[in-house]
file run-v9.txt (compact mmCIF, C-alpha atoms and all ligand atoms)
# COMPACT_ATOMS: atom_id res chain seq x y z
CA MET S 29 -5.35 17.65 17.82
CA GLN S 30 -4.00 20.27 15.46
CA THR S 31 -4.28 21.63 11.94
CA PRO S 32 -7.79 20.77 10.85
CA VAL S 33 -7.15 22.28 7.42
CA PHE S 34 -4.83 20.94 4.78
CA LEU S 35 -5.30 22.64 1.45
CA ASP S 36 -4.00 20.55 -1.38
CA HIS S 37 -3.66 21.53 -5.01
CA LEU S 38 -6.87 21.68 -6.96
CA PRO S 39 -6.99 19.95 -10.33
CA ASP S 40 -7.53 21.56 -13.67
CA PHE S 41 -11.18 20.62 -13.84
CA GLU S 42 -11.22 20.20 -17.60
CA THR S 43 -8.51 17.53 -17.54
CA VAL S 44 -9.82 15.46 -14.64
CA ALA S 45 -11.35 12.12 -15.51
CA GLY S 46 -13.41 12.30 -12.32
CA GLU S 47 -15.19 9.06 -11.67
CA LYS S 48 -13.70 5.62 -11.50
CA PRO S 49 -13.71 4.03 -14.93
CA GLU S 50 -16.97 2.22 -15.56
CA GLN S 51 -15.14 -1.00 -16.41
CA TYR S 52 -13.53 -1.07 -12.98
CA ARG S 53 -16.86 -0.47 -11.23
CA LEU S 54 -18.51 -3.29 -13.19
CA THR S 55 -15.63 -5.70 -12.49
CA ARG S 56 -15.75 -5.02 -8.76
CA ASN S 57 -19.53 -5.31 -8.61
CA LYS S 58 -19.42 -8.57 -10.54
CA ALA S 59 -16.80 -9.90 -8.10
CA LEU S 60 -19.08 -8.97 -5.19
CA LEU S 61 -22.08 -10.60 -6.83
CA ASP S 62 -20.08 -13.80 -7.46
CA LEU S 63 -19.06 -13.84 -3.79
CA MET S 64 -22.66 -13.48 -2.72
CA LEU S 65 -23.82 -16.27 -5.01
CA ASP S 66 -21.01 -18.59 -3.92
CA CYS S 67 -22.41 -20.67 -1.06
CA SER S 68 -18.91 -21.44 0.22
CA THR S 69 -18.18 -17.79 1.08
CA ASP S 70 -18.01 -17.17 4.82
CA TRP S 71 -19.49 -13.88 5.91
CA THR S 72 -18.93 -12.26 9.28
CA PRO S 73 -21.84 -10.13 10.47
CA ARG S 74 -20.96 -6.85 12.11
CA GLN S 75 -22.81 -6.38 15.40
CA ALA S 76 -21.53 -2.86 15.97
CA CYS S 77 -20.34 0.19 14.04
CA PRO S 78 -16.70 -0.61 13.11
CA ALA S 79 -15.75 3.02 13.81
CA CYS S 80 -17.36 4.21 17.06
CA GLY S 81 -18.38 0.76 18.33
CA ARG S 82 -22.06 1.58 18.90
CA ASP S 83 -24.51 -1.32 18.59
CA ARG S 84 -25.74 -1.81 15.03
CA LEU S 85 -29.29 -1.17 16.27
CA LYS S 86 -28.17 2.48 16.40
CA SER S 87 -27.59 2.38 12.64
CA ARG S 88 -30.03 3.03 9.80
CA ASN S 89 -30.27 1.51 6.36
CA PHE S 90 -27.97 3.19 3.84
CA SER S 91 -28.34 0.86 0.85
CA GLN S 92 -29.87 -2.52 0.06
CA THR S 93 -28.34 -2.74 -3.40
CA LEU S 94 -26.06 -5.76 -3.76
CA LEU S 95 -24.86 -5.84 -0.15
CA GLU S 96 -26.71 -4.29 2.79
CA PHE S 97 -25.02 -1.16 4.14
CA LEU S 98 -25.84 0.79 7.28
CA ARG S 99 -25.12 4.33 8.43
CA CYS S 100 -24.34 4.84 12.10
CA THR S 101 -26.59 7.48 13.67
CA GLU S 102 -23.96 8.09 16.34
CA CYS S 103 -20.88 8.87 14.23
CA ASN S 104 -22.15 8.96 10.60
CA THR S 105 -19.89 6.12 9.41
CA ILE S 106 -21.26 3.97 6.56
CA TYR S 107 -20.50 0.25 6.74
CA ALA S 108 -21.33 -3.12 5.20
CA GLN S 109 -23.56 -5.12 7.49
CA ARG S 110 -21.44 -8.26 6.87
CA VAL S 111 -17.99 -8.82 5.41
CA PRO S 112 -16.18 -11.72 3.72
CA ASP S 113 -12.83 -13.09 4.93
CA GLN S 114 -9.76 -10.91 4.47
CA LYS S 115 -8.12 -13.70 2.48
CA VAL S 116 -10.93 -13.64 -0.07
CA LEU S 117 -10.79 -9.85 -0.34
CA ASP S 118 -7.03 -9.89 -0.88
CA GLN S 119 -7.29 -12.57 -3.54
CA LEU S 120 -9.85 -10.49 -5.44
CA ARG S 121 -7.61 -7.45 -5.27
CA LEU S 122 -4.63 -9.39 -6.56
CA GLU S 123 -6.74 -10.60 -9.47
CA ILE S 124 -7.79 -7.09 -10.43
CA ILE S 125 -4.21 -5.84 -10.07
CA GLU S 126 -2.99 -8.61 -12.38
CA ALA S 127 -5.71 -7.79 -14.88
CA GLN S 128 -4.52 -4.18 -14.91
CA VAL S 129 -0.86 -5.04 -15.51
CA GLY S 130 0.21 -3.47 -18.76
CA ASP S 131 -2.33 -0.66 -18.44
CA ASP S 132 -1.02 2.84 -18.14
CA PRO S 133 -1.02 3.44 -14.35
CA GLY S 134 -2.52 6.81 -15.16
CA LYS S 135 -1.12 10.29 -15.49
CA ASP S 136 -2.79 11.40 -12.30
CA ARG S 137 -0.65 8.91 -10.33
CA GLU S 138 2.35 11.22 -10.41
CA PHE S 139 0.25 13.88 -8.74
CA GLU S 140 -0.88 11.37 -6.13
CA PHE S 141 2.72 10.46 -5.29
CA THR S 142 3.77 14.08 -5.01
CA SER S 143 0.76 14.87 -2.86
CA LEU S 144 1.58 12.07 -0.40
CA MET S 145 5.21 13.12 -0.31
CA ASN S 146 4.20 16.73 0.42
CA TRP S 147 2.01 15.49 3.21
CA VAL S 148 4.92 13.63 4.82
CA SER S 149 7.25 16.63 4.38
CA LEU S 150 4.78 19.14 5.84
CA THR S 151 4.13 16.90 8.82
CA GLU S 152 7.87 16.56 9.39
CA ALA S 153 8.13 20.33 9.48
CA ARG S 154 5.19 20.68 11.87
CA LEU S 155 6.47 18.00 14.22
CA GLN S 156 10.09 19.10 13.81
CA ARG S 157 11.04 15.47 13.46
CA ARG S 158 12.81 13.81 10.55
CA LEU S 159 10.77 10.86 9.23
CA ASP S 160 13.51 9.29 7.15
CA LYS S 161 12.39 5.67 7.36
CA VAL S 162 8.99 5.04 5.83
CA VAL S 163 7.03 1.83 5.40
CA ASP S 164 4.28 1.88 2.83
CA ILE S 165 1.59 -0.67 3.56
CA ARG S 166 0.17 -2.57 0.60
CA PHE S 167 -0.07 0.37 -1.74
CA ALA S 168 2.85 -0.47 -4.01
CA SER S 169 1.22 -3.60 -5.30
CA GLN S 170 -1.44 -1.41 -6.83
CA ALA S 171 0.89 1.21 -8.22
CA PRO S 172 3.77 -0.22 -10.27
CA ARG S 173 5.48 3.15 -10.66
CA TRP S 174 5.41 4.08 -7.00
CA PRO S 175 8.80 2.53 -6.02
CA GLU S 176 10.48 4.45 -8.81
CA ALA S 177 8.71 7.65 -7.81
CA THR S 178 9.75 7.31 -4.16
CA ARG S 179 13.40 6.94 -5.18
CA ARG S 180 13.16 10.06 -7.27
CA LEU S 181 11.01 12.21 -4.98
CA SER S 182 11.56 11.07 -1.40
CA HIS S 183 14.65 13.21 -0.65
CA GLY S 184 16.82 10.35 0.56
CA ARG S 185 14.30 8.64 2.80
CA SER S 186 14.39 4.88 3.00
CA TRP S 187 11.10 3.57 1.72
CA ASP S 188 9.97 -0.04 2.16
CA PHE S 189 6.85 -1.66 0.81
CA LEU S 190 4.67 -4.28 2.43
CA SER S 191 2.46 -5.73 -0.25
CA LEU S 192 -0.59 -7.96 -0.23
CA THR S 193 -0.12 -11.44 1.24
CA PRO S 194 -3.42 -13.26 1.00
CA GLU S 195 -2.20 -16.35 2.90
CA ASN S 196 -1.90 -14.21 5.97
CA THR S 197 -5.30 -13.25 7.31
CA GLU S 198 -4.31 -12.25 10.82
CA PHE S 199 -1.73 -9.70 9.67
CA ASP S 200 1.02 -11.81 11.33
CA GLU S 201 3.50 -11.33 8.55
CA LEU S 202 2.76 -7.62 8.41
CA CYS S 203 3.45 -7.38 12.17
CA ALA S 204 6.72 -9.31 11.88
CA ARG S 205 7.98 -7.15 9.03
CA LEU S 206 7.02 -3.92 10.76
CA ALA S 207 8.82 -5.02 13.93
CA HIS S 208 11.88 -5.91 11.85
CA LEU S 209 11.92 -2.65 9.85
CA SER S 210 11.15 -0.37 12.85
CA PRO S 211 10.02 2.57 10.70
CA LYS S 212 9.65 6.16 11.85
CA ALA S 213 6.56 6.59 9.67
CA ILE S 214 3.92 4.35 8.17
CA LEU S 215 1.91 5.33 5.13
CA MET S 216 -1.44 3.67 4.56
CA PRO S 217 -3.22 5.55 1.81
CA ALA S 218 -5.68 2.95 0.50
CA GLU S 219 -6.52 0.17 2.91
CA LEU S 220 -8.86 0.91 5.74
CA ASP S 221 -12.05 1.31 3.73
CA ARG S 222 -11.60 -2.08 2.08
CA VAL S 223 -10.28 -4.41 4.77
CA ALA S 224 -12.73 -6.71 6.53
CA ASP S 225 -11.68 -5.60 10.01
CA PRO S 226 -10.06 -2.15 10.10
CA GLU S 227 -9.68 -2.24 13.88
CA ALA S 228 -7.67 -5.47 13.69
CA LEU S 229 -5.32 -3.88 11.15
CA MET S 230 -4.89 -0.76 13.29
CA ARG S 231 -4.19 -2.84 16.40
CA ALA S 232 -1.69 -4.99 14.50
CA ILE S 233 0.19 -1.87 13.44
CA LYS S 234 0.07 -0.28 16.89
CA GLN S 235 1.46 -3.43 18.51
CA SER S 236 4.32 -3.76 16.02
CA VAL S 237 5.84 -0.28 16.06
CA ALA S 238 7.76 1.77 18.58
CA SER S 239 6.06 4.47 20.59
CA GLY S 240 6.28 7.75 18.66
CA THR S 241 5.92 6.20 15.22
CA VAL S 242 3.86 8.48 12.97
CA ILE S 243 1.07 6.84 10.94
CA PHE S 244 -0.41 8.51 7.86
CA VAL S 245 -3.86 7.20 6.98
CA ALA S 246 -6.10 8.16 4.08
CA SER S 247 -9.53 6.73 3.40
CA SER S 248 -12.87 7.64 1.86
CA CYS S 249 -14.96 9.94 4.03
CA ALA S 250 -18.65 9.50 4.86
CA ASP S 251 -18.97 13.20 5.77
CA GLY S 252 -18.21 14.15 2.16
CA LEU S 253 -20.84 16.21 0.36
CA GLU S 254 -21.20 13.53 -2.31
CA TYR S 255 -22.50 11.00 0.23
CA GLU S 256 -24.65 13.64 1.91
CA ILE S 257 -26.41 14.52 -1.34
CA LEU S 258 -26.37 11.31 -3.37
CA GLY S 259 -26.06 8.62 -0.70
CA ALA S 260 -25.58 5.18 -2.22
CA ASP S 261 -25.96 6.70 -5.71
CA SER S 262 -22.56 8.37 -5.27
CA PRO S 263 -20.29 7.53 -8.20
CA SER S 264 -17.52 6.85 -5.63
CA PHE S 265 -19.55 4.20 -3.82
CA ILE S 266 -18.15 0.87 -5.04
CA PRO S 267 -19.33 -1.51 -2.28
CA LEU S 268 -16.39 -3.94 -2.37
CA ASP S 269 -13.93 -1.03 -2.03
CA ARG S 270 -16.02 0.70 0.64
CA LEU S 271 -16.79 -1.91 3.29
CA THR S 272 -16.26 0.87 5.83
CA VAL S 273 -16.60 4.53 4.86
CA PHE S 274 -15.39 6.33 7.97
CA SER S 275 -16.69 9.65 9.20
CA ILE S 276 -14.25 12.02 10.91
CA ASN S 277 -15.85 11.37 14.32
CA GLY S 278 -15.93 7.65 13.70
CA PHE S 279 -12.27 7.44 12.79
CA GLN S 280 -11.34 9.57 15.79
CA ALA S 281 -13.26 7.15 18.02
CA LEU S 282 -11.51 4.14 16.47
CA SER S 283 -8.08 5.75 16.87
CA ALA S 284 -8.76 6.46 20.54
CA ARG S 285 -9.96 2.89 21.15
CA VAL S 286 -6.80 1.48 19.59
CA GLY S 287 -4.62 3.86 21.62
CA LEU S 288 -3.34 6.12 18.84
CA SER S 289 -3.14 9.89 19.28
CA VAL S 290 -4.58 12.07 16.54
CA LEU S 291 -2.10 14.76 15.45
CA GLU S 292 -3.89 16.07 12.37
CA VAL S 293 -7.18 15.71 10.48
CA SER S 294 -7.95 16.97 6.99
CA THR S 295 -10.17 16.23 4.00
CA PRO S 296 -8.03 17.18 1.01
CA GLY S 297 -10.24 15.58 -1.66
CA ARG S 298 -10.05 17.33 -5.01
CA LEU S 299 -12.87 15.90 -7.06
CA ASP S 300 -16.12 16.25 -5.10
CA ALA S 301 -17.31 19.36 -6.94
CA VAL S 302 -16.46 17.92 -10.36
CA ILE S 303 -18.18 14.61 -9.62
CA LEU S 304 -21.31 16.32 -8.34
CA ASP S 305 -21.30 18.72 -11.28
CA ARG S 306 -21.18 15.82 -13.75
CA TYR S 307 -23.95 14.04 -11.90
CA PHE S 308 -26.33 17.01 -11.92
CA LYS S 309 -25.57 18.07 -15.49
CA GLY S 310 -25.87 14.50 -16.80
CA THR S 311 -28.84 13.14 -14.88
CA GLU S 312 -32.39 13.76 -15.92
CA ASN S 313 -34.85 14.56 -13.16
CA ALA S 314 -32.08 15.10 -10.63
CA ASN S 315 -34.22 17.40 -8.57
CA ILE S 316 -32.61 18.08 -5.23
CA PRO S 317 -33.48 21.38 -3.57
CA PHE S 318 -30.76 24.02 -3.89
CA TRP S 319 -28.11 21.70 -5.32
CA SER S 320 -29.76 21.03 -8.70
CA GLY S 321 -29.87 24.75 -9.46
CA PHE S 322 -26.46 25.33 -7.94
CA PHE S 323 -24.78 22.89 -10.31
CA GLN S 324 -26.90 23.64 -13.39
CA GLU S 325 -25.55 27.19 -13.27
CA ALA S 326 -22.07 26.32 -12.01
CA ASP S 327 -18.99 27.44 -13.92
CA LYS S 328 -15.36 26.56 -13.22
CA ASN S 329 -14.92 29.28 -10.63
CA ARG S 330 -17.95 28.19 -8.67
CA LEU S 331 -16.74 24.59 -8.64
CA ARG S 332 -13.30 25.65 -7.47
CA ASP S 333 -14.78 27.78 -4.68
CA LEU S 334 -16.99 24.90 -3.58
CA GLN S 335 -14.06 22.48 -3.51
CA ILE S 336 -12.03 24.84 -1.35
CA LEU S 337 -15.00 25.27 0.99
CA LEU S 338 -15.38 21.48 1.28
CA GLN S 339 -11.71 21.06 2.14
CA ARG S 340 -11.81 23.84 4.70
CA SER S 341 -14.95 22.52 6.39
CA LEU S 342 -13.89 18.83 6.47
CA LYS S 343 -16.66 17.87 4.02
CA SER S 344 -14.68 16.41 1.17
CA GLY S 345 -14.85 12.74 0.21
CA ILE S 346 -11.29 11.81 1.24
CA LEU S 347 -10.12 11.96 4.83
CA ARG S 348 -6.56 12.05 6.06
CA PHE S 349 -5.35 11.45 9.59
CA VAL S 350 -1.87 11.74 11.03
CA LEU S 351 -1.65 9.49 14.09
CA GLU S 352 1.06 8.76 16.63
CA ALA S 353 1.62 5.36 18.22
ZN ZN S 401 -20.47 4.79 14.58
call {"tool": "encode", "arguments": {"input": "run-v9.txt", "output": "structure tokens", "more": "lines below"}}
Ligand SMILES: [Zn+2]
result
Amino acid sequence: MQTPVFLDHLPDFETVAGEKPEQYRLTRNKALLDLMLDCSTDWTPRQACPACGRDRLKSRNFSQTLLEFLRCTECNTIYAQRVPDQKVLDQLRLEIIEAQVGDDPGKDREFEFTSLMNWVSLTEARLQRRLDKVVDIRFASQAPRWPEATRRLSHGRSWDFLSLTPENTEFDELCARLAHLSPKAILMPAELDRVADPEALMRAIKQSVASGTVIFVASSCADGLEYEILGADSPSFIPLDRLTVFSINGFQALSARVGLSVLEVSTPGRLDAVILDRYFKGTENANIPFWSGFFQEADKNRLRDLQILLQRSLKSGILRFVLEA
């Protein structure tokens, strides 16, 4: 494994919205509550940590709110104790995407696109391999402007999108399309923390691509300082979007089990310091040793320094892996 550090641009802290909009959080939590109240929902219990595979008896309670979540004592991954069918999850995502149609996709999106593109380009340079055929798994359906941005910014790469197909719970169609497209790179920036069975998705991808295909994965990260300090009170913890919050060790274990080599690990999250700063400055009686005082007195420079430290030490809330099939 190489390059544990990937320093991304830091945001202008005064212009960052920070947390997920409250309306989105409420909508997702209501959807989860409806699922739990609906007697016809099938739930699959998880008997082991979905990352490292250790028996769930090795896990401790993380949160009882809404859905029960556990934290693995072996690898630090946080996971829902039971999950609904993938088909149900996909249908709920399609509904929220449809509800958002017409909304401004958000100014920060452009940055997100550029950041992903930089990631692909830097990896190309490191591997000395041209990744000119990219397949983007299920992200485009959430980001209407992404196809246009890839045309403009991708420097002549071919860029295909595989979007959500809720009829297809076993990832069969995804496998068939991947085999047909035979990409050199796969980009999966927002899937693994919210699918019912991340290992099944990883295996499906591995089986459908040629040896040497490079896979870019991003997900939320349980080793992030936000989860360490605030636990289930983290503003980023929206249970339906975080059925598995991988730790670095946990995701490494999963990759090894599936037979994928890890080429690069990083945590290039940009917002941890801002989110924690808002929490401590806006919450009465937030009395956590060291950190309460740290943030009460924090200015912009201190937040920037902290964010850089978190990225360098793999303690930010977003993880990125580059894998090779
Ligand atoms: Zn584990």
call {"tool": "residues_near_point", "arguments": {"input": "run-v9.txt", "point": "(-6.2, -8.5, -1.0)", "cutoff": "9 Å", "atoms": "all atoms listed in the file", "output": "list in words"}}
result
Gln114, Lys115, Val116, Leu117, Asp118, Gln119, Leu120, Arg121, Leu122, Glu123, Arg166, Leu192, Thr193, Pro194, Arg222 and Val223 of chain S
call {"tool": "residues_near_point", "arguments": {"input": "run-v9.txt", "point": "(-2.6, 3.6, 7.1)", "cutoff": "12 Å", "atoms": "all atoms listed in the file", "output": "MDAnalysis selection string"}}
result
chainID S and resid 162:167 190 213:223 226:227 229:234 242:247 279 283 347:352
call {"tool": "residues_around", "arguments": {"input": "run-v9.txt", "residues": "range 76-83 of chain S", "least_positions_apart": "6", "cutoff": "8 Å", "atoms": "all atoms listed in the file", "output": "ChimeraX atom specification"}}
result
/S:100,102-103,105,107,225-227,272,274,277-279,281-282
call {"tool": "residues_around", "arguments": {"input": "run-v9.txt", "residues": "Thr101 in chain S", "least_positions_apart": "5", "cutoff": "7 Å", "atoms": "only C-alpha atoms", "output": "JSON, numbers by chain"}}
result
{"S": [86, 87, 88]}
call {"tool": "closest_residue", "arguments": {"input": "run-v9.txt", "among": "S:Arg84, S:Arg74, S:Arg53, S:Arg340", "to": "ligand ZN 401 (chain S)", "atoms": "all atoms listed in the file"}}
result
S:Arg84
call {"tool": "closest_residue", "arguments": {"input": "run-v9.txt", "among": "S:Asp113, S:Asp300, S:Glu126, S:Asp269", "to": "Gln335 in chain S", "atoms": "all atoms listed in the file"}}
result
S:Asp300
call {"tool": "decode", "arguments": {"input": "run-v9.txt", "residues": "range 187-289 of chain S", "atoms": "C-alpha atoms", "output": "PDB file, in the first residue's frame"}}
result
ATOM      1  CA  TRP S 187     -17.298   8.262 -18.995  1.00  0.00           C
ATOM      2  CA  ASP S 188     -20.304   5.957 -18.588  1.00  0.00           C
ATOM      3  CA  PHE S 189     -22.887   6.006 -15.848  1.00  0.00           C
ATOM      4  CA  LEU S 190     -24.638   3.094 -14.204  1.00  0.00           C
ATOM      5  CA  SER S 191     -27.608   4.449 -12.339  1.00  0.00           C
ATOM      6  CA  LEU S 192     -29.991   3.029  -9.786  1.00  0.00           C
ATOM      7  CA  THR S 193     -32.084   0.059 -10.911  1.00  0.00           C
ATOM      8  CA  PRO S 194     -34.307  -0.966  -8.036  1.00  0.00           C
ATOM      9  CA  GLU S 195     -35.721  -4.038  -9.816  1.00  0.00           C
ATOM     10  CA  ASN S 196     -32.300  -5.567  -9.671  1.00  0.00           C
ATOM     11  CA  THR S 197     -31.380  -6.550  -6.138  1.00  0.00           C
ATOM     12  CA  GLU S 198     -28.566  -8.971  -6.891  1.00  0.00           C
ATOM     13  CA  PHE S 199     -26.580  -6.454  -8.937  1.00  0.00           C
ATOM     14  CA  ASP S 200     -27.029  -8.692 -12.028  1.00  0.00           C
ATOM     15  CA  GLU S 201     -27.629  -5.824 -14.392  1.00  0.00           C
ATOM     16  CA  LEU S 202     -24.707  -3.907 -12.942  1.00  0.00           C
ATOM     17  CA  CYS S 203     -22.457  -6.947 -13.546  1.00  0.00           C
ATOM     18  CA  ALA S 204     -23.676  -7.363 -17.124  1.00  0.00           C
ATOM     19  CA  ARG S 205     -23.106  -3.713 -17.961  1.00  0.00           C
ATOM     20  CA  LEU S 206     -19.660  -3.663 -16.377  1.00  0.00           C
ATOM     21  CA  ALA S 207     -18.650  -6.765 -18.341  1.00  0.00           C
ATOM     22  CA  HIS S 208     -19.945  -5.145 -21.528  1.00  0.00           C
ATOM     23  CA  LEU S 209     -18.220  -1.783 -20.944  1.00  0.00           C
ATOM     24  CA  SER S 210     -14.895  -3.281 -19.722  1.00  0.00           C
ATOM     25  CA  PRO S 211     -13.714  -0.051 -18.064  1.00  0.00           C
ATOM     26  CA  LYS S 212     -10.171   0.733 -16.987  1.00  0.00           C
ATOM     27  CA  ALA S 213     -11.453   2.529 -13.893  1.00  0.00           C
ATOM     28  CA  ILE S 214     -14.561   2.440 -11.748  1.00  0.00           C
ATOM     29  CA  LEU S 215     -15.636   5.355  -9.614  1.00  0.00           C
ATOM     30  CA  MET S 216     -17.898   4.695  -6.649  1.00  0.00           C
ATOM     31  CA  PRO S 217     -18.030   7.846  -4.558  1.00  0.00           C
ATOM     32  CA  ALA S 218     -21.304   7.423  -2.659  1.00  0.00           C
ATOM     33  CA  GLU S 219     -22.557   3.876  -2.365  1.00  0.00           C
ATOM     34  CA  LEU S 220     -20.887   1.599   0.098  1.00  0.00           C
ATOM     35  CA  ASP S 221     -22.117   3.229   3.287  1.00  0.00           C
ATOM     36  CA  ARG S 222     -25.740   2.974   2.180  1.00  0.00           C
ATOM     37  CA  VAL S 223     -26.100  -0.383   0.446  1.00  0.00           C
ATOM     38  CA  ALA S 224     -27.548  -3.281   2.420  1.00  0.00           C
ATOM     39  CA  ASP S 225     -24.654  -5.610   1.633  1.00  0.00           C
ATOM     40  CA  PRO S 226     -21.428  -3.800   0.711  1.00  0.00           C
ATOM     41  CA  GLU S 227     -19.496  -7.056   0.347  1.00  0.00           C
ATOM     42  CA  ALA S 228     -21.973  -8.334  -2.258  1.00  0.00           C
ATOM     43  CA  LEU S 229     -21.534  -5.128  -4.269  1.00  0.00           C
ATOM     44  CA  MET S 230     -17.737  -5.352  -4.065  1.00  0.00           C
ATOM     45  CA  ARG S 231     -17.774  -9.010  -5.136  1.00  0.00           C
ATOM     46  CA  ALA S 232     -20.131  -8.228  -8.017  1.00  0.00           C
ATOM     47  CA  ILE S 233     -17.724  -5.562  -9.267  1.00  0.00           C
ATOM     48  CA  LYS S 234     -14.644  -7.736  -8.815  1.00  0.00           C
ATOM     49  CA  GLN S 235     -16.225 -10.590 -10.772  1.00  0.00           C
ATOM     50  CA  SER S 236     -17.292  -8.352 -13.660  1.00  0.00           C
ATOM     51  CA  VAL S 237     -14.087  -6.484 -14.473  1.00  0.00           C
ATOM     52  CA  ALA S 238     -10.737  -7.439 -15.942  1.00  0.00           C
ATOM     53  CA  SER S 239      -7.720  -7.955 -13.736  1.00  0.00           C
ATOM     54  CA  GLY S 240      -5.915  -4.621 -13.321  1.00  0.00           C
ATOM     55  CA  THR S 241      -9.048  -2.490 -13.302  1.00  0.00           C
ATOM     56  CA  VAL S 242      -8.636   0.399 -10.848  1.00  0.00           C
ATOM     57  CA  ILE S 243     -11.528   1.051  -8.450  1.00  0.00           C
ATOM     58  CA  PHE S 244     -11.958   4.405  -6.698  1.00  0.00           C
ATOM     59  CA  VAL S 245     -14.103   4.176  -3.570  1.00  0.00           C
ATOM     60  CA  ALA S 246     -15.159   6.944  -1.210  1.00  0.00           C
ATOM     61  CA  SER S 247     -17.300   6.485   1.871  1.00  0.00           C
ATOM     62  CA  SER S 248     -17.896   7.946   5.309  1.00  0.00           C
ATOM     63  CA  CYS S 249     -15.201   7.046   7.828  1.00  0.00           C
ATOM     64  CA  ALA S 250     -15.784   5.771  11.364  1.00  0.00           C
ATOM     65  CA  ASP S 251     -12.256   6.821  12.405  1.00  0.00           C
ATOM     66  CA  GLY S 252     -13.173  10.470  11.819  1.00  0.00           C
ATOM     67  CA  LEU S 253     -12.809  12.808  14.783  1.00  0.00           C
ATOM     68  CA  GLU S 254     -16.497  13.717  14.601  1.00  0.00           C
ATOM     69  CA  TYR S 255     -17.547  10.140  15.400  1.00  0.00           C
ATOM     70  CA  GLU S 256     -14.833   9.824  18.039  1.00  0.00           C
ATOM     71  CA  ILE S 257     -16.059  12.896  19.906  1.00  0.00           C
ATOM     72  CA  LEU S 258     -19.789  13.027  19.226  1.00  0.00           C
ATOM     73  CA  GLY S 259     -20.641   9.407  18.424  1.00  0.00           C
ATOM     74  CA  ALA S 260     -24.230   9.018  17.269  1.00  0.00           C
ATOM     75  CA  ASP S 261     -24.805  12.749  17.912  1.00  0.00           C
ATOM     76  CA  SER S 262     -22.588  13.531  14.905  1.00  0.00           C
ATOM     77  CA  PRO S 263     -24.410  15.836  12.492  1.00  0.00           C
ATOM     78  CA  SER S 264     -23.198  13.547   9.660  1.00  0.00           C
ATOM     79  CA  PHE S 265     -24.844  10.465  11.153  1.00  0.00           C
ATOM     80  CA  ILE S 266     -28.035   9.965   9.126  1.00  0.00           C
ATOM     81  CA  PRO S 267     -28.822   6.282   9.832  1.00  0.00           C
ATOM     82  CA  LEU S 268     -30.407   5.417   6.481  1.00  0.00           C
ATOM     83  CA  ASP S 269     -27.364   6.814   4.638  1.00  0.00           C
ATOM     84  CA  ARG S 270     -24.896   5.199   7.038  1.00  0.00           C
ATOM     85  CA  LEU S 271     -25.866   1.544   7.311  1.00  0.00           C
ATOM     86  CA  THR S 272     -22.133   0.814   7.346  1.00  0.00           C
ATOM     87  CA  VAL S 273     -19.606   3.457   8.391  1.00  0.00           C
ATOM     88  CA  PHE S 274     -16.296   1.801   7.578  1.00  0.00           C
ATOM     89  CA  SER S 275     -13.093   2.296   9.508  1.00  0.00           C
ATOM     90  CA  ILE S 276      -9.807   2.255   7.589  1.00  0.00           C
ATOM     91  CA  ASN S 277      -8.875  -1.142   9.050  1.00  0.00           C
ATOM     92  CA  GLY S 278     -12.338  -2.497   8.404  1.00  0.00           C
ATOM     93  CA  PHE S 279     -12.354  -1.484   4.765  1.00  0.00           C
ATOM     94  CA  GLN S 280      -8.871  -2.893   4.292  1.00  0.00           C
ATOM     95  CA  ALA S 281     -10.088  -6.213   5.718  1.00  0.00           C
ATOM     96  CA  LEU S 282     -13.116  -6.228   3.409  1.00  0.00           C
ATOM     97  CA  SER S 283     -10.967  -5.442   0.355  1.00  0.00           C
ATOM     98  CA  ALA S 284      -8.605  -8.302   1.192  1.00  0.00           C
ATOM     99  CA  ARG S 285     -11.501 -10.732   1.672  1.00  0.00           C
ATOM    100  CA  VAL S 286     -12.949  -9.810  -1.714  1.00  0.00           C
ATOM    101  CA  GLY S 287      -9.535 -10.145  -3.372  1.00  0.00           C
ATOM    102  CA  LEU S 288      -8.837  -6.507  -4.203  1.00  0.00           C
ATOM    103  CA  SER S 289      -5.410  -4.963  -3.668  1.00  0.00           C
TER     104      SER S 289
END
